[in-house]
file target00.txt (compact mmCIF, C-alpha atoms and all ligand atoms)
# COMPACT_ATOMS: atom_id res chain seq x y z
CA MET A 1 9.48 -29.11 -9.10
CA LYS A 2 8.95 -29.15 -5.32
CA ARG A 3 9.41 -26.14 -3.09
CA ALA A 4 8.46 -25.40 0.51
CA VAL A 5 6.55 -22.25 -0.47
CA ALA A 6 5.17 -21.00 -3.79
CA VAL A 7 4.79 -17.21 -3.68
CA VAL A 8 2.38 -15.76 -6.25
CA GLY A 9 3.15 -12.09 -6.93
CA ALA A 10 6.31 -9.98 -6.61
CA GLY A 11 4.94 -6.86 -4.96
CA PRO A 12 5.91 -5.63 -1.49
CA ALA A 13 4.08 -8.54 0.22
CA GLY A 14 5.51 -11.38 -1.89
CA LEU A 15 9.05 -10.01 -1.98
CA THR A 16 9.21 -9.24 1.74
CA LEU A 17 8.02 -12.77 2.48
CA ALA A 18 10.44 -14.34 0.00
CA ASN A 19 13.43 -12.53 1.51
CA LEU A 20 12.33 -13.26 5.07
CA ILE A 21 11.95 -17.02 4.63
CA GLN A 22 14.97 -17.28 2.35
CA GLN A 23 17.09 -15.97 5.22
CA SER A 24 15.86 -18.88 7.36
CA GLY A 25 16.71 -21.40 4.67
CA ILE A 26 13.12 -22.00 3.55
CA ASP A 27 13.07 -22.79 -0.13
CA CYS A 28 10.60 -20.81 -2.28
CA VAL A 29 9.83 -19.76 -5.83
CA VAL A 30 8.21 -16.41 -6.71
CA LEU A 31 5.89 -16.23 -9.73
CA GLU A 32 5.22 -12.79 -11.19
CA LYS A 33 2.89 -11.92 -14.06
CA ALA A 34 4.73 -8.74 -15.07
CA SER A 35 8.29 -8.26 -16.28
CA ARG A 36 11.08 -7.32 -13.90
CA ALA A 37 11.42 -3.93 -15.62
CA HIS A 38 7.70 -3.29 -15.13
CA VAL A 39 7.55 -4.05 -11.40
CA GLU A 40 10.76 -2.12 -10.74
CA THR A 41 9.38 1.07 -12.31
CA ARG A 42 5.68 0.92 -11.33
CA PRO A 43 4.97 4.01 -9.20
CA ARG A 44 2.42 3.54 -6.44
CA ALA A 45 2.91 4.16 -2.74
CA GLY A 46 5.74 6.15 -1.24
CA VAL A 47 5.37 6.19 2.52
CA LEU A 48 6.80 3.57 4.87
CA GLU A 49 5.93 3.45 8.54
CA HIS A 50 8.76 3.13 11.07
CA ARG A 51 7.58 -0.42 11.86
CA SER A 52 8.02 -1.48 8.24
CA VAL A 53 11.47 0.09 8.16
CA THR A 54 12.51 -1.55 11.46
CA MET A 55 11.41 -4.92 10.08
CA LEU A 56 13.35 -4.44 6.82
CA GLU A 57 16.37 -3.18 8.76
CA SER A 58 16.36 -6.26 11.02
CA LEU A 59 16.62 -8.37 7.86
CA GLY A 60 19.45 -6.26 6.44
CA LEU A 61 17.15 -5.06 3.64
CA ALA A 62 17.04 -1.34 4.40
CA ASP A 63 20.57 -0.12 3.58
CA ARG A 64 19.67 2.05 0.56
CA LEU A 65 16.36 3.08 2.06
CA LEU A 66 18.05 4.37 5.23
CA MET A 67 20.56 6.31 3.13
CA GLU A 68 18.11 7.81 0.65
CA ALA A 69 14.68 8.11 2.28
CA ASP A 70 13.51 11.43 3.64
CA ARG A 71 12.15 11.31 7.18
CA HIS A 72 8.88 13.11 7.80
CA GLY A 73 7.22 13.93 11.09
CA THR A 74 4.88 16.78 10.21
CA CYS A 75 1.86 17.09 7.95
CA GLU A 76 -0.17 20.14 7.03
CA PHE A 77 -3.89 20.71 6.71
CA ARG A 78 -5.35 23.58 4.71
CA VAL A 79 -8.93 24.64 5.26
CA ASN A 80 -10.51 27.56 3.46
CA GLY A 81 -7.16 29.26 2.82
CA GLN A 82 -5.79 28.78 6.36
CA ALA A 83 -3.08 26.26 7.24
CA PHE A 84 -2.11 24.41 10.38
CA GLN A 85 0.49 21.72 10.91
CA VAL A 86 0.51 18.61 13.08
CA SER A 87 3.95 17.49 14.22
CA TYR A 88 2.93 13.88 14.66
CA SER A 89 6.46 12.69 15.27
CA ASP A 90 6.80 14.90 18.36
CA LEU A 91 3.45 13.56 19.58
CA TYR A 92 4.34 9.91 19.14
CA GLY A 93 7.75 8.93 20.45
CA ASN A 94 9.70 10.75 17.73
CA GLN A 95 8.62 8.07 15.21
CA LYS A 96 8.70 9.22 11.60
CA HIS A 97 7.50 8.26 8.16
CA TYR A 98 10.11 7.31 5.57
CA VAL A 99 9.39 8.67 2.10
CA TYR A 100 10.75 6.08 -0.34
CA PRO A 101 8.90 5.13 -3.55
CA GLN A 102 7.33 1.67 -3.67
CA GLN A 103 9.20 0.78 -6.89
CA GLU A 104 12.50 1.38 -5.05
CA VAL A 105 11.37 -0.95 -2.24
CA VAL A 106 10.52 -3.55 -4.89
CA LYS A 107 13.86 -3.04 -6.68
CA ASP A 108 15.82 -3.48 -3.43
CA LEU A 109 13.89 -6.60 -2.44
CA ILE A 110 14.29 -8.22 -5.87
CA GLY A 111 18.01 -7.43 -5.84
CA SER A 112 18.64 -8.89 -2.39
CA PHE A 113 16.56 -12.02 -3.06
CA LEU A 114 18.30 -12.77 -6.37
CA ASP A 115 21.76 -11.97 -4.98
CA ALA A 116 21.18 -14.60 -2.30
CA GLY A 117 20.29 -17.20 -4.96
CA GLY A 118 16.51 -16.69 -4.98
CA ASP A 119 14.27 -17.90 -7.82
CA ILE A 120 11.80 -15.43 -9.37
CA ARG A 121 9.95 -16.29 -12.58
CA PHE A 122 8.87 -13.04 -14.27
CA SER A 123 6.34 -12.62 -17.10
CA VAL A 124 4.43 -15.82 -16.27
CA SER A 125 0.84 -16.25 -17.47
CA ASP A 126 -2.23 -18.43 -16.88
CA VAL A 127 -1.35 -19.05 -13.24
CA GLU A 128 -3.59 -21.71 -11.63
CA LEU A 129 -3.73 -22.84 -8.01
CA ARG A 130 -4.78 -26.44 -7.32
CA ASP A 131 -5.35 -28.83 -4.39
CA LEU A 132 -5.27 -26.05 -1.86
CA THR A 133 -6.78 -28.11 0.95
CA SER A 134 -4.32 -30.98 0.48
CA SER A 135 -0.87 -31.14 2.09
CA THR A 136 0.72 -30.68 -1.35
CA PRO A 137 -0.99 -27.77 -3.11
CA SER A 138 0.40 -26.89 -6.52
CA VAL A 139 0.75 -23.85 -8.74
CA HIS A 140 0.76 -24.14 -12.55
CA TRP A 141 1.82 -21.46 -15.01
CA THR A 142 3.05 -20.76 -18.50
CA SER A 143 6.59 -19.38 -18.54
CA ALA A 144 7.73 -16.38 -20.58
CA ASP A 145 8.93 -18.75 -23.33
CA GLY A 146 5.58 -20.55 -23.46
CA VAL A 147 6.34 -23.70 -21.43
CA ARG A 148 3.62 -24.97 -19.09
CA THR A 149 5.29 -25.61 -15.71
CA CYS A 150 4.19 -26.50 -12.19
CA VAL A 151 5.49 -26.51 -8.65
CA SER A 152 4.11 -28.45 -5.71
CA ALA A 153 4.66 -26.88 -2.34
CA ASP A 154 3.80 -27.16 1.34
CA PHE A 155 2.21 -23.70 1.25
CA VAL A 156 1.02 -21.16 -1.31
CA ALA A 157 1.35 -17.46 -0.49
CA GLY A 158 -1.22 -15.48 -2.49
CA CYS A 159 0.50 -12.08 -2.81
CA ASP A 160 -0.92 -11.18 -6.22
CA GLY A 161 -2.89 -8.08 -5.32
CA PHE A 162 -6.59 -7.35 -5.64
CA HIS A 163 -6.88 -8.52 -9.27
CA GLY A 164 -4.78 -11.67 -8.89
CA VAL A 165 -5.85 -15.32 -9.11
CA SER A 166 -5.29 -16.36 -5.49
CA ARG A 167 -8.43 -15.02 -3.85
CA PRO A 168 -10.72 -16.16 -6.71
CA SER A 169 -9.23 -19.67 -6.36
CA ILE A 170 -11.03 -20.02 -3.04
CA PRO A 171 -14.47 -21.62 -3.48
CA ASP A 172 -17.55 -19.43 -3.13
CA GLY A 173 -18.95 -19.22 0.37
CA VAL A 174 -15.65 -19.71 2.20
CA LEU A 175 -14.71 -16.07 2.59
CA THR A 176 -16.75 -13.30 4.10
CA GLU A 177 -16.20 -10.12 2.08
CA PHE A 178 -16.53 -6.64 3.56
CA THR A 179 -16.71 -3.94 0.90
CA HIS A 180 -17.31 -0.23 1.08
CA GLN A 181 -17.45 2.20 -1.83
CA HIS A 182 -16.68 5.63 -0.42
CA GLY A 183 -18.54 7.45 -3.19
CA ILE A 184 -15.41 9.50 -3.88
CA GLU A 185 -12.95 9.52 -6.73
CA TRP A 186 -9.49 11.04 -6.88
CA LEU A 187 -7.46 12.01 -9.88
CA ALA A 188 -3.98 10.73 -8.99
CA ILE A 189 -1.22 12.74 -10.65
CA LEU A 190 2.50 12.06 -10.76
CA ALA A 191 4.55 15.03 -11.91
CA GLU A 192 8.21 15.68 -12.54
CA ALA A 193 8.01 18.57 -10.12
CA PRO A 194 10.17 19.06 -7.04
CA PRO A 195 8.08 19.15 -3.86
CA SER A 196 6.60 22.53 -3.02
CA THR A 197 6.44 21.57 0.63
CA LYS A 198 8.43 19.78 3.31
CA ALA A 199 5.25 18.30 4.82
CA ILE A 200 2.46 16.35 3.11
CA ILE A 201 -0.46 18.74 2.50
CA TYR A 202 -4.13 17.76 2.87
CA ALA A 203 -6.35 20.59 1.61
CA LEU A 204 -10.07 20.82 2.21
CA HIS A 205 -11.65 23.16 -0.36
CA GLU A 206 -15.23 23.80 -1.45
CA ASP A 207 -14.32 22.36 -4.90
CA GLY A 208 -13.07 19.17 -3.24
CA PHE A 209 -9.98 17.70 -1.60
CA ALA A 210 -6.44 18.25 -2.90
CA GLY A 211 -3.34 16.45 -1.65
CA HIS A 212 0.35 17.09 -2.14
CA MET A 213 2.33 13.90 -1.37
CA LEU A 214 6.09 13.51 -1.38
CA ARG A 215 7.99 11.03 -3.49
CA SER A 216 11.52 12.24 -4.35
CA PRO A 217 13.50 15.48 -4.84
CA SER A 218 12.32 15.63 -8.46
CA VAL A 219 8.91 13.87 -8.47
CA SER A 220 5.73 14.67 -6.54
CA ARG A 221 2.35 13.00 -6.30
CA PHE A 222 -0.82 15.08 -6.22
CA TYR A 223 -4.43 14.08 -5.68
CA LEU A 224 -7.58 15.96 -6.71
CA GLN A 225 -11.05 14.90 -5.64
CA VAL A 226 -13.10 14.70 -8.86
CA PRO A 227 -16.78 13.97 -9.56
CA VAL A 228 -17.64 10.25 -9.57
CA GLY A 229 -17.51 8.93 -13.13
CA THR A 230 -14.69 11.25 -14.21
CA LYS A 231 -12.18 9.90 -16.75
CA ALA A 232 -8.51 10.91 -16.50
CA SER A 233 -8.73 12.21 -20.07
CA ASP A 234 -11.46 14.66 -18.94
CA TRP A 235 -8.71 16.70 -17.27
CA SER A 236 -6.10 18.55 -19.32
CA ASP A 237 -2.74 19.20 -17.65
CA GLU A 238 -3.62 22.92 -17.53
CA GLN A 239 -6.87 22.17 -15.68
CA VAL A 240 -4.99 19.98 -13.20
CA TRP A 241 -2.52 22.73 -12.31
CA GLU A 242 -5.25 25.36 -12.17
CA ALA A 243 -7.26 23.23 -9.72
CA LEU A 244 -4.21 22.44 -7.60
CA HIS A 245 -3.25 26.14 -7.38
CA LYS A 246 -6.81 27.03 -6.39
CA ARG A 247 -7.32 24.31 -3.79
CA PHE A 248 -3.90 24.77 -2.12
CA ALA A 249 -4.11 28.60 -2.08
CA LEU A 250 -3.30 30.28 1.25
CA GLN A 251 -4.56 33.71 2.26
CA GLY A 252 -1.81 36.30 2.76
CA SER A 253 1.04 33.87 2.07
CA THR A 254 3.90 33.82 -0.41
CA TRP A 255 3.73 30.00 -0.68
CA SER A 256 3.64 28.81 -4.28
CA LEU A 257 3.20 25.53 -6.11
CA THR A 258 5.98 24.39 -8.45
CA GLU A 259 4.62 22.88 -11.65
CA GLY A 260 6.29 20.17 -13.75
CA LYS A 261 5.65 17.68 -16.51
CA ILE A 262 2.73 15.37 -15.67
CA ILE A 263 3.89 11.78 -16.17
CA GLU A 264 0.85 9.88 -14.88
CA LYS A 265 -2.81 10.74 -14.54
CA ARG A 266 -5.30 8.12 -13.38
CA VAL A 267 -8.61 8.00 -11.55
CA LEU A 268 -8.66 6.15 -8.23
CA ASP A 269 -11.96 4.76 -7.09
CA MET A 270 -11.89 5.06 -3.33
CA ARG A 271 -12.95 1.75 -1.89
CA SER A 272 -12.23 -0.56 0.99
CA HIS A 273 -12.34 -4.33 0.85
CA VAL A 274 -11.43 -6.99 3.41
CA VAL A 275 -11.87 -10.76 3.30
CA GLU A 276 -12.07 -13.00 6.33
CA PRO A 277 -10.35 -15.31 6.97
CA MET A 278 -7.12 -14.58 5.12
CA SER A 279 -6.45 -18.25 4.44
CA TYR A 280 -7.97 -21.37 2.93
CA GLY A 281 -6.34 -24.76 3.38
CA ARG A 282 -2.66 -24.29 2.55
CA LEU A 283 -3.28 -20.97 0.73
CA TYR A 284 -2.57 -17.80 2.71
CA LEU A 285 -3.58 -14.40 1.36
CA LEU A 286 -1.27 -11.45 1.94
CA GLY A 287 -1.51 -7.71 1.21
CA ASP A 288 -3.90 -6.35 -1.40
CA ALA A 289 -5.02 -9.90 -2.24
CA ALA A 290 -6.81 -9.87 1.12
CA HIS A 291 -7.51 -6.21 1.77
CA ILE A 292 -7.71 -2.91 -0.08
CA ILE A 293 -7.60 0.38 1.74
CA THR A 294 -7.92 3.92 0.40
CA PRO A 295 -4.59 5.74 -0.05
CA VAL A 296 -5.72 8.16 2.70
CA GLY A 297 -3.37 7.56 5.61
CA ALA A 298 -0.80 5.70 3.45
CA LYS A 299 -1.33 2.27 4.98
CA GLY A 300 -1.60 -0.17 2.02
CA MET A 301 2.06 -1.05 1.44
CA ASN A 302 2.69 -1.16 5.19
CA LEU A 303 -0.17 -3.61 5.79
CA ALA A 304 1.16 -5.80 2.97
CA MET A 305 4.59 -5.89 4.62
CA ASN A 306 3.10 -6.62 8.03
CA ASP A 307 1.21 -9.60 6.58
CA ALA A 308 4.48 -10.84 5.08
CA ALA A 309 6.33 -10.49 8.39
CA THR A 310 3.52 -12.26 10.28
CA PHE A 311 3.24 -15.12 7.77
CA GLY A 312 7.02 -15.39 7.47
CA ARG A 313 7.40 -15.79 11.25
CA ALA A 314 4.64 -18.42 11.27
CA LEU A 315 6.41 -20.40 8.51
CA ILE A 316 9.78 -20.18 10.25
CA SER A 317 8.25 -21.46 13.47
CA PHE A 318 6.52 -24.28 11.55
CA TYR A 319 9.73 -25.42 9.84
CA GLU A 320 11.91 -25.00 12.93
CA THR A 321 9.61 -26.50 15.59
CA GLY A 322 6.70 -28.11 13.78
CA SER A 323 4.32 -25.73 15.55
CA GLU A 324 1.27 -24.61 13.56
CA ALA A 325 0.30 -22.00 16.16
CA GLY A 326 1.41 -19.01 14.07
CA LEU A 327 -0.27 -20.36 10.95
CA LYS A 328 -3.53 -20.82 12.87
CA THR A 329 -3.53 -17.27 14.24
CA TYR A 330 -2.13 -15.64 11.06
CA SER A 331 -5.47 -14.36 9.81
CA ASP A 332 -6.69 -12.98 13.15
CA ASP A 333 -3.30 -11.41 13.89
CA CYS A 334 -3.26 -9.55 10.57
CA LEU A 335 -6.93 -8.64 10.56
CA ARG A 336 -6.68 -6.77 13.88
CA ARG A 337 -4.20 -4.35 12.31
CA VAL A 338 -6.08 -4.26 8.99
CA TRP A 339 -9.33 -3.20 10.67
CA ARG A 340 -7.60 -0.62 12.81
CA ALA A 341 -6.06 0.88 9.66
CA GLN A 342 -9.44 0.78 7.90
CA GLU A 343 -11.04 2.60 10.82
CA PHE A 344 -8.38 5.31 10.76
CA SER A 345 -8.50 5.63 7.00
CA GLN A 346 -12.29 6.01 7.10
CA TRP A 347 -11.95 8.64 9.84
CA MET A 348 -9.51 10.58 7.66
CA VAL A 349 -11.65 10.18 4.53
CA ASN A 350 -14.52 11.79 6.42
CA MET A 351 -12.25 14.59 7.65
CA ILE A 352 -10.73 15.75 4.37
CA HIS A 353 -13.68 15.63 2.00
CA THR A 354 -16.25 18.36 1.88
CA ASP A 355 -19.15 16.32 0.59
CA VAL A 356 -18.67 12.64 1.38
CA SER A 357 -22.37 11.96 1.04
CA SER A 358 -24.12 15.18 1.96
CA PRO A 359 -23.40 18.77 3.06
CA PHE A 360 -24.03 17.57 6.61
CA PHE A 361 -20.84 15.49 6.39
CA GLY A 362 -19.00 18.50 4.95
CA ARG A 363 -19.74 20.40 8.14
CA LEU A 364 -18.67 17.40 10.25
CA ALA A 365 -15.38 17.37 8.33
CA GLN A 366 -14.77 21.01 9.19
CA ALA A 367 -15.63 20.39 12.85
CA ARG A 368 -13.19 17.45 12.94
CA LEU A 369 -10.40 19.56 11.41
CA GLU A 370 -11.06 22.38 13.88
CA HIS A 371 -10.89 19.86 16.70
CA LEU A 372 -7.56 18.59 15.32
CA ALA A 373 -6.23 22.15 15.08
CA GLU A 374 -7.25 23.02 18.63
CA SER A 375 -6.97 19.91 20.79
CA PRO A 376 -3.61 18.40 21.83
CA ALA A 377 -5.41 15.21 22.93
CA TYR A 378 -7.10 14.81 19.55
CA ARG A 379 -3.79 15.47 17.76
CA ALA A 380 -2.07 12.82 19.90
CA THR A 381 -4.64 10.21 18.86
CA PHE A 382 -4.22 11.23 15.23
CA ALA A 383 -0.42 10.96 15.56
CA GLU A 384 -0.59 7.47 17.04
CA ASN A 385 -2.75 6.18 14.20
CA TYR A 386 -1.02 8.11 11.43
CA VAL A 387 2.59 7.24 12.14
CA GLY A 388 1.64 3.76 13.27
CA PRO A 389 1.20 2.44 16.82
P1 LIG A 401 0.86 -5.48 -5.36
O1 LIG A 401 1.85 -4.39 -5.14
O2 LIG A 401 -0.33 -5.18 -6.19
O3 LIG A 401 1.65 -6.71 -5.96
C1 LIG A 401 0.97 -7.81 -6.52
C2 LIG A 401 1.88 -8.41 -7.58
O4 LIG A 401 1.25 -9.59 -8.11
C3 LIG A 401 1.35 -9.57 -9.52
N1 LIG A 401 0.25 -10.39 -10.05
C4 LIG A 401 0.42 -11.68 -10.41
N2 LIG A 401 1.50 -12.47 -10.40
C5 LIG A 401 1.33 -13.75 -10.84
N3 LIG A 401 0.15 -14.24 -11.29
C6 LIG A 401 -0.96 -13.47 -11.29
N4 LIG A 401 -2.12 -13.95 -11.73
C7 LIG A 401 -0.85 -12.12 -10.84
N5 LIG A 401 -1.73 -11.10 -10.72
C8 LIG A 401 -1.04 -10.07 -10.24
C9 LIG A 401 1.28 -8.10 -9.89
O5 LIG A 401 1.86 -7.84 -11.16
C10 LIG A 401 2.08 -7.47 -8.74
O6 LIG A 401 3.46 -7.37 -9.05
O7 LIG A 401 0.31 -6.07 -3.98
P2 LIG A 401 0.98 -6.15 -2.51
O8 LIG A 401 2.33 -6.79 -2.58
O9 LIG A 401 -0.05 -6.70 -1.64
O10 LIG A 401 1.30 -4.62 -2.10
C11 LIG A 401 0.22 -3.75 -1.86
C12 LIG A 401 0.62 -2.33 -2.26
O11 LIG A 401 1.12 -2.34 -3.59
C13 LIG A 401 -0.57 -1.38 -2.16
O12 LIG A 401 -1.27 -1.58 -0.96
C14 LIG A 401 -0.11 0.09 -2.20
O13 LIG A 401 0.50 0.40 -3.43
C15 LIG A 401 -1.30 0.97 -1.98
N6 LIG A 401 -0.96 2.38 -2.11
C16 LIG A 401 -0.33 3.04 -1.07
N7 LIG A 401 0.03 2.37 0.06
C17 LIG A 401 0.72 2.98 1.05
O14 LIG A 401 1.08 2.34 2.06
N8 LIG A 401 1.05 4.32 0.96
C18 LIG A 401 0.71 5.07 -0.14
O15 LIG A 401 1.03 6.26 -0.18
C19 LIG A 401 0.00 4.44 -1.20
N9 LIG A 401 -0.31 5.11 -2.33
C20 LIG A 401 -1.21 3.06 -3.30
C21 LIG A 401 -0.87 4.44 -3.39
C22 LIG A 401 -1.77 2.41 -4.41
C23 LIG A 401 -2.00 3.08 -5.58
N10 LIG A 401 -2.57 2.32 -6.66
C24 LIG A 401 -2.43 2.56 -8.01
C25 LIG A 401 -3.17 1.03 -6.40
C26 LIG A 401 -1.09 5.14 -4.55
C27 LIG A 401 -1.66 4.47 -5.66
C28 LIG A 401 -1.87 5.30 -6.90

call {"tool": "encode", "arguments": {"input": "target00.txt", "output": "structure tokens", "more": "lines below"}}
Ligand code: RFL
result
Amino acid sequence: MKRAVAVVGAGPAGLTLANLIQQSGIDCVVLEKASRAHVETRPRAGVLEHRSVTMLESLGLADRLLMEADRHGTCEFRVNGQAFQVSYSDLYGNQKHYVYPQQEVVKDLIGSFLDAGGDIRFSVSDVELRDLTSSTPSVHWTSADGVRTCVSADFVAGCDGFHGVSRPSIPDGVLTEFTHQHGIEWLAILAEAPPSTKAIIYALHEDGFAGHMLRSPSVSRFYLQVPVGTKASDWSDEQVWEALHKRFALQGSTWSLTEGKIIEKRVLDMRSHVVEPMSYGRLYLLGDAAHIITPVGAKGMNLAMNDAATFGRALISFYETGSEAGLKTYSDDCLRRVWRAQEFSQWMVNMIHTDVSSPFFGRLAQARLEHLAESPAYRATFAENYVGP
């Protein structure tokens, strides 16, 4: 089998790329380890930046999203029982976040790609990447029915996330890896509970951070900072709700938290990871395969889509004009935005945790939040970074 592009991984990065190049007549195959049912129901992110939505809209891929997604332009911070809100949309050109679960993005992108005749192989195993520095790299895999198959391509797009095979296929010493363990863990909770708020809540409490994120009218995501080394099973559902009530509590307010059935509980190790460059020979890394960011600031899915848009444009230019300019600058173009997001995410991590590494940083966090509450200039900078420049 010969294709122009072999895309490894059907997450937001791989599927955005596949749709984008398909629309320009570039032939590709998408190889996905999991089943279609699994990727279409896997809950993860839920916040799209306006830039991601504009890009999807320009490709005709945002019809359902634009009908169903809630628009959000305000977030709330709670510190020691007091709340203040930042209307970031008003501070940054009326741009808003779109709340739309990642699995719905994935479902839409799979649907549109297949409807237009696209080729996705689900439930593949033992994926191997070969001859990456030649002009005909190849990808080998075992299909769902056990047949060993291979495709040779002009390019391989490694969109298989942090634990995929693409990045480890690059020989040692080629990539420079930047890693930071934040020394923080969150218990991530998904509950069948309608949102108790119209605005995302970030709460700084002496017991640790708590977050109330929005997903849909009937499902909410919550985060609780927990001691490093905690296992999800250490927390009963009752303890989760008790902690959330305590950390979100407001003095002299009738606000209340609506509980619901907890459908997912997992511990997130807060870490950041970036590799440079984001390519090797004819292999290009996209999304989580090249960079991991903490969920603080909700940038991960958006960075993955930006990589896909950047690489897609470079491929289209290559096939239409023969120019390799976009391919050559792909890594630098993406990394500028990746590092800016990492910087913002780190800034927010330090602002919403009481004890990042010492009580000293706890006090700095409070000072930063007070500054945000009081200073229009500081809020404007926050807004620009949060909603996406
Ligand atoms: P994905 O989504 O991980 O997709 C990679 C795909 O590759 C497949 N795969 C393979 N396929 C073939 N062969 C192999 N050997 C393979 N190995 C893996 C996988 O099955 C999968 O389908 O990567 P991509 O496309 O780069 O997208 C990145 C985003 O998924 C990620 O950044 C976000 O989910 C991060 N994230 C959030 N990002 C946001 O922008 N806003 C958020 O609010 C947000 N919340 C979150 C998050 C991530 C979370 N977790 C669990 C990682 C909340 C959570 C809990």

call {"tool": "residues_near_ligand", "arguments": {"input": "target00.txt", "ligand": "ligand LIG 401 (chain A)", "cutoff": "6 Å", "atoms": "all atoms listed in the file", "output": "PyMOL selection string"}}
result
chain A and resi 8-14+31-34+39+44-47+127+159-161+163-165+287-289+295+298-302+304

call {"tool": "closest_residue", "arguments": {"input": "target00.txt", "among": "A:Pro101, A:Pro171, A:Gly25, A:Gly60", "to": "Thr133 in chain A", "atoms": "only C-alpha atoms"}}
result
A:Pro171

call {"tool": "residues_around", "arguments": {"input": "target00.txt", "residues": "Arg215 in chain A", "least_positions_apart": "4", "cutoff": "10 Å", "atoms": "only C-alpha atoms", "output": "JSON, numbers by chain"}}
result
{"A": [43, 44, 45, 46, 47, 69, 70, 99, 100, 101, 102, 190, 191, 194, 195, 219, 220, 221]}

call {"tool": "residues_near_point", "arguments": {"input": "target00.txt", "point": "(-16.0, 10.3, -10.3)", "cutoff": "12 Å", "atoms": "only C-alpha atoms", "output": "JSON, numbers by chain"}}
result
{"A": [181, 182, 183, 184, 185, 186, 187, 208, 224, 225, 226, 227, 228, 229, 230, 231, 232, 234, 235, 266, 267, 268, 269, 270]}

call {"tool": "closest_residue", "arguments": {"input": "target00.txt", "among": "A:Asp63, A:Glu384, A:Glu343, A:Glu370", "to": "His180 in chain A", "atoms": "only C-alpha atoms"}}
result
A:Glu343

call {"tool": "closest_residue", "arguments": {"input": "target00.txt", "among": "A:Ala4, A:Ala309, A:Val139, A:Val156", "to": "Leu283 in chain A", "atoms": "only C-alpha atoms"}}
result
A:Val156

call {"tool": "residues_around", "arguments": {"input": "target00.txt", "residues": "Arg337 in chain A", "least_positions_apart": "4", "cutoff": "12 Å", "atoms": "all atoms listed in the file", "output": "VMD selection string"}}
result
chain A and resid 274 287 291 299 to 300 302 to 307 310 330 to 333 341 to 344 385 388 to 389

call {"tool": "atom_distance", "arguments": {"input": "target00.txt", "atom1": "CA of Ser236 in chain A", "atom2": "CA of Phe162 in chain A"}}
result
29.3 Å

call {"tool": "residues_near_point", "arguments": {"input": "target00.txt", "point": "(-9.9, 13.6, 8.9)", "cutoff": "9 Å", "atoms": "all atoms listed in the file", "output": "list in words"}}
result
Phe344, Ser345, Gln346, Trp347, Met348, Val349, Asn350, Met351, Ile352, His353, Ala365, Gln366, Arg368, Leu369, Leu372 and Phe382 of chain A
